[in-house]
Amino acid sequence: MRKGIFNCLATIIVLLSSQLSFAATVDTVLTHSNVMNKDIKAVVVKPQNYEASSKRFPVLYLLHGAGGKYSDWLLNTKDKEAVKKLADNFGMMVVCPDGGVTSWYFDSPVDPSYQYETYVSKELVEFVDRKYRSIADRNGRAITGLSMGGHGGLYLAFRHQDIYGACGSMSGGVDIRAFPENWNIAKRLGPYNQFPDRWEANTVINLTHLLSPNKLAIIFDVGRNDFFYDVNVALHDKLTARNIPHDFTVRPGAHNFEYWENAVAYQMMYFSKFFNKENN
């Protein structure tokens, strides 16, 4: 009896060890930006079958919000394994770059140390495609994020449709003009009352003219109690008026990680369907 119990325990330990060895893994990498002349950290989540496979994997670029950093998506969710589990479930890599505390993912015309459009959409993508077995094509790349990163996800994809095939936003600040005194946006573009053209040219809601139907797969959502609720509804209305297909959802919730941890699961499912359609 005792021998049977020990054998059973040994089998369970082996099975658990096997599962753990094939779980998603996280690399913390140091990338270099030539345009900003500095090193920048990022985390790269590799799905469970990455090491055991020779195939290439689609990549989701997942952006943090204002005041955040590259590790937010791994440290601030209630389930600290949430993003890793989703990477496993959907078979995709997830890259979380550091986007500067309040970069808004622009190339700032004011501050040469804040050139995060070029960094994320060119330098970081080139690094990932060089170092990892990523699908080095727009059909294998998606980008989304929360809050400031939600703005960044749509802003970068709208402006770089040759790089990204799908994009999203969670609680995104998709019209920065409504917040001229907030989150250091004026430090990146100059004050709105002095440089209105810069603000008009760099707000997501004014970039819909760059879109054509079905060129980009677009998903965005917002909580009903979020202070960005109105600007997200306005973007939805504008895309609808321009006949640009998109997936827009309003859920109960506010501007916090409880909301985003739920929202990212739906968005990664959406991106997985896009990747499967384009790459199979």
# chains A, B, ... in the order shown; residues from 1 in each chain; ligands from 1
>>> closest_atom_pairs(of="region 128-227 of chain A", to="region 44-56 of chain A", cutoff="7 Å", atoms="only C-alpha atoms", output="JSON lines")
{"residue": "A:Arg133", "atom": "CA", "partner": "A:Arg56", "partner_atom": "CA", "distance": 4.7}
{"residue": "A:Ser134", "atom": "CA", "partner": "A:Arg56", "partner_atom": "CA", "distance": 5.0}
{"residue": "A:Ile135", "atom": "CA", "partner": "A:Arg56", "partner_atom": "CA", "distance": 5.4}
>>> write_last_selection(atoms="N, CA and C atoms", output="short mmCIF file (atom, residue, chain, number, x, y, z; two decimals), in the first residue's frame")
data_model
loop_
_atom_site.label_atom_id
_atom_site.label_comp_id
_atom_site.auth_asym_id
_atom_site.auth_seq_id
_atom_site.Cartn_x
_atom_site.Cartn_y
_atom_site.Cartn_z
N ARG A 133 11.50 33.94 -32.43
CA ARG A 133 10.85 33.33 -33.58
C ARG A 133 9.44 33.91 -33.71
N SER A 134 9.39 35.15 -34.06
CA SER A 134 8.12 35.85 -34.26
C SER A 134 7.74 35.80 -35.73
N ILE A 135 6.46 35.95 -35.99
CA ILE A 135 5.99 36.11 -37.37
C ILE A 135 6.27 37.56 -37.77
#
>>> residues_around(residues="Trp104 (chain A)", least_positions_apart="2", cutoff="12 Å", atoms="only C-alpha atoms", output="ChimeraX atom specification")
/A:63-68,98-102,106-108,114-117,120,145-156,172-176,182-189,199,202-204
>>> atom_distance(atom1="CA of Lys238 (chain A)", atom2="CA of Asn206 (chain A)")
9.5 Å
>>> select_by_dssp(residues="region 75-200 of chain A", states="alpha helix (DSSP H)", output="ChimeraX atom specification")
/A:75,82-90,116-118,125-131,148-159,185-189,196-200
>>> closest_residue(among="A:Asn193, A:Glu261, A:His209, A:Tyr229", to="Ala241 (chain A)", atoms="only C-alpha atoms")
A:His209
>>> residues_around(residues="Asp247 (chain A)", least_positions_apart="6", cutoff="8 Å", atoms="only C-alpha atoms", output="PyMOL selection string")
chain A and resi 218-220
>>> closest_residue(among="A:Phe158, A:Phe195, A:Trp73, A:Phe127", to="Pro109 (chain A)", atoms="only C-alpha atoms")
A:Phe195
>>> closest_residue(among="A:Leu211, A:Met92, A:Val43, A:Val233", to="Asp72 (chain A)", atoms="only C-alpha atoms")
A:Val43
>>> select_by_dssp(residues="region 26-252 of chain A", states="strand (DSSP E or B)", output="PyMOL selection string")
chain A and resi 26-33+38-46+57+59-63+93-97+107+115+134+141-146+166-170+217-223+247-251
>>> closest_residue(among="A:Tyr192, A:Tyr119, A:Tyr61, A:Tyr259", to="Asp221 (chain A)", atoms="only C-alpha atoms")
A:Tyr259
>>> atom_distance(atom1="CA of Ala263 (chain A)", atom2="CA of Gly168 (chain A)")
10.7 Å
>>> closest_residue(among="A:Thr240, A:Asn262, A:Ser113, A:Asn89", to="Ile40 (chain A)", atoms="only C-alpha atoms")
A:Ser113
>>> closest_residue(among="A:Ala254, A:Ala166, A:Leu62, A:Ile205", to="Arg138 (chain A)", atoms="only C-alpha atoms")
A:Ala166
>>> residues_around(residues="region 266-278 of chain A", least_positions_apart="4", cutoff="7 Å", atoms="only C-alpha atoms", output="PyMOL selection string")
chain A and resi 58+90+139-140+142+166
